[in-house]
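Report on one structure; see the data block that follows.
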Amino acid sequence: MNIMDFNVKKLAADAGTFLSRAVQFTEEKLGQAEKTELDAHLENLLSKAECTKQWTEKIMKQTEVLLQPNPNARIEEFFYEKLDRKAPSRMNNPELLGQYMIDAGNEFGPGTAYGNALIKCGETQKQIGTADRELIQTSAINFLTPLRNFIEGDYKTITKERKLLQNKRLDLDAAKTRLKKAKVAEARAASEQEVRITQSEFDRQAEITRLLLEGISSTHAHHLRCLNDFVEAQMTYYAQCYKYMLDLQKQLGSFPSTFLSNNNQSSSAPVQSVSTPSVLASASASLPSVSNSVVTSGISELKSSSGSRKARVLYDYDAANSSELSLLADEVITVYSIPGMDSDWLMGERGNQKGKVPITYLELLN
């Protein structure tokens, strides 16, 4: 019975406190009651915390979009994370493209120029897909997780203490209002005692909230370190992709601009010098030194003259008819032009054999 009486009294007291706060809040909104203002320093800290929370949420969400553009995949990963289960492994976009290229290359024939090139490109796309996975994993651990921990942990604690501070402030102002309305001396003494108690509780809660809010500066410092980790992960990713593409370009060899690009753009355009890891420095050294314009000018000179040049065969080529010459990759043949020949072809000679050869399969030698 005593326990029941205690619970009933506690519920009644809580209801009275809630009603008192509601009345005070309403009267403040209507301009019928005074409100204790927080000091400027505490207000600035509250504003800084709210600003930090809003921008952290935006940065976190947009980073997730950057790392995983597919919204359905993000939703799936979210549910698996909430269920504390591992999401099924699937090919990402570069890996899927790479697999399609490899399958197509095998279908067309690895011995053909196009098929061989597709296989090489597909393998490179798969390497990029692996690097993409590593970027997502590293960024999730070193960047997204700390941001999420702040939103779901530290800021929730700040919000809880801030709400307690608001309640203590309402209790204090409600007590001040009752003191003003007290007419009897005994009632005034009780009200004055209540104001002293609520003032003490408000001051204590304000100090607790202030200490928590001052930790936002430490949060910024921690997020700065996480941001550096994210930048480093991106730098590693782009350096890997850059190296993979340079290696692929080296494997494919040098082609005339009419074959490589429909926009007459040079594939060997100078790369801007930037501060990157050593892998980029070493990769830059492997850029082809002969530009497409040089190759094209060499063929133009050959066509306008009556002389001949040596050329290295870049890919295997099967003659379509008796007027053409079949080629083997890496062999060296003699090439020359004859009047009236199509601009995409040259005459090729290998010993006693001769016939038309496509210029896109050749690299002129000095």
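Going by the structure tokens order, chains are called A, B, ..., each with residues numbered from 1, while ligands are numbered from 1 in the order shown.
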Practice task
Excluding Gly129 (chain A) and residues on its chain fewer than 5 positions from it, collect all residues at most 8 Å away from it, counting only C-alpha atoms, and give them as a PyMOL selection string.
Solution key: chain A and resi 92-95
- Query: CA of Lys86 (chain A) to CA of Leu67 (chain A): how many Å, to one decimal?
  - Reply: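 These atoms are spaced 18.0 Å apart.
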| field | All alpha helix (DSSP H) residues (DSSP, backbone) inside region 52-204 of chain A, as an NGL selection string | value | :A and (52-67 or 71-82 or 93-108 or 113-139 or 145-149 or 155-181 or 185-204)
### Message
I'd like the contact shell of region 164-170 of chain A - 10 Å cut-off, only C-alpha atoms, skipping same-chain residues fewer than 3 positions apart - returned as a ChimeraX atom specification.
### Response
/A:17-18,20-25,28,35-38,158-161,173-176,198-209
Skipping near chain neighbours, those fewer than 4 positions away, what residues fall within 7 Å of Leu362 (chain A) using only C-alpha atoms, listed as a list of chain:residue names?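 Result of the neighbour search: A:Ala311, A:Arg312, A:Val313, A:Leu314.
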| query | Within 9 Å of Glu192 (chain A), counting only C-alpha atoms, which residues qualify if same-chain residues fewer than 3 places away don't, as an NGL selection string? | reply | :A and (175-176 or 179 or 187-189 or 195-197)
Written file, previous selection with all heavy atoms, as a short mmCIF file (atom, residue, chain, number, x, y, z; two decimals), in the first residue's frame:
```
data_model
loop_
_atom_site.label_atom_id
_atom_site.label_comp_id
_atom_site.auth_asym_id
_atom_site.auth_seq_id
_atom_site.Cartn_x
_atom_site.Cartn_y
_atom_site.Cartn_z
N ALA A 175 8.17 29.32 -11.35
CA ALA A 175 8.33 29.65 -9.93
C ALA A 175 8.39 31.16 -9.73
O ALA A 175 7.82 31.70 -8.77
CB ALA A 175 9.61 28.99 -9.40
N LYS A 176 9.08 31.88 -10.64
CA LYS A 176 9.14 33.35 -10.54
C LYS A 176 7.76 33.96 -10.71
O LYS A 176 7.42 34.95 -10.04
CB LYS A 176 10.09 33.89 -11.61
CG LYS A 176 11.57 33.59 -11.35
CD LYS A 176 12.44 34.16 -12.46
CE LYS A 176 13.92 33.90 -12.18
NZ LYS A 176 14.79 34.44 -13.28
N LEU A 179 5.84 33.53 -7.58
CA LEU A 179 6.33 34.45 -6.54
C LEU A 179 5.70 35.84 -6.72
O LEU A 179 5.32 36.50 -5.74
CB LEU A 179 7.85 34.54 -6.61
CG LEU A 179 8.52 35.53 -5.66
CD1 LEU A 179 8.20 35.17 -4.19
CD2 LEU A 179 10.03 35.55 -5.86
N ALA A 187 3.02 32.31 1.73
CA ALA A 187 3.08 31.86 0.33
C ALA A 187 4.31 32.44 -0.36
O ALA A 187 4.97 31.77 -1.17
CB ALA A 187 1.81 32.26 -0.41
N ARG A 188 4.65 33.69 -0.02
CA ARG A 188 5.82 34.32 -0.64
C ARG A 188 7.10 33.62 -0.19
O ARG A 188 8.04 33.41 -0.99
CB ARG A 188 5.89 35.80 -0.26
CG ARG A 188 4.87 36.67 -0.97
CD ARG A 188 5.15 38.16 -0.71
NE ARG A 188 6.46 38.55 -1.20
CZ ARG A 188 6.72 38.86 -2.47
NH1 ARG A 188 5.74 38.83 -3.37
NH2 ARG A 188 7.93 39.23 -2.82
N ALA A 189 7.17 33.23 1.07
CA ALA A 189 8.36 32.54 1.58
C ALA A 189 8.53 31.20 0.87
O ALA A 189 9.65 30.82 0.49
CB ALA A 189 8.24 32.34 3.09
N VAL A 195 11.97 29.32 -5.90
CA VAL A 195 12.79 30.01 -6.91
C VAL A 195 14.27 29.68 -6.70
O VAL A 195 15.00 29.44 -7.67
CB VAL A 195 12.55 31.53 -6.84
CG1 VAL A 195 13.60 32.28 -7.66
CG2 VAL A 195 11.15 31.87 -7.34
N ARG A 196 14.71 29.68 -5.43
CA ARG A 196 16.12 29.36 -5.17
C ARG A 196 16.47 27.94 -5.63
O ARG A 196 17.53 27.71 -6.23
CB ARG A 196 16.41 29.52 -3.67
CG ARG A 196 16.53 30.96 -3.21
CD ARG A 196 17.14 31.05 -1.82
NE ARG A 196 16.24 30.48 -0.81
CZ ARG A 196 15.31 31.17 -0.15
NH1 ARG A 196 15.15 32.47 -0.42
NH2 ARG A 196 14.55 30.61 0.75
N ILE A 197 15.56 26.99 -5.38
CA ILE A 197 15.81 25.59 -5.78
C ILE A 197 15.84 25.45 -7.30
O ILE A 197 16.74 24.84 -7.87
CB ILE A 197 14.74 24.66 -5.17
CG1 ILE A 197 14.87 24.62 -3.64
CG2 ILE A 197 14.86 23.25 -5.74
CD1 ILE A 197 13.75 23.87 -2.94
#
```
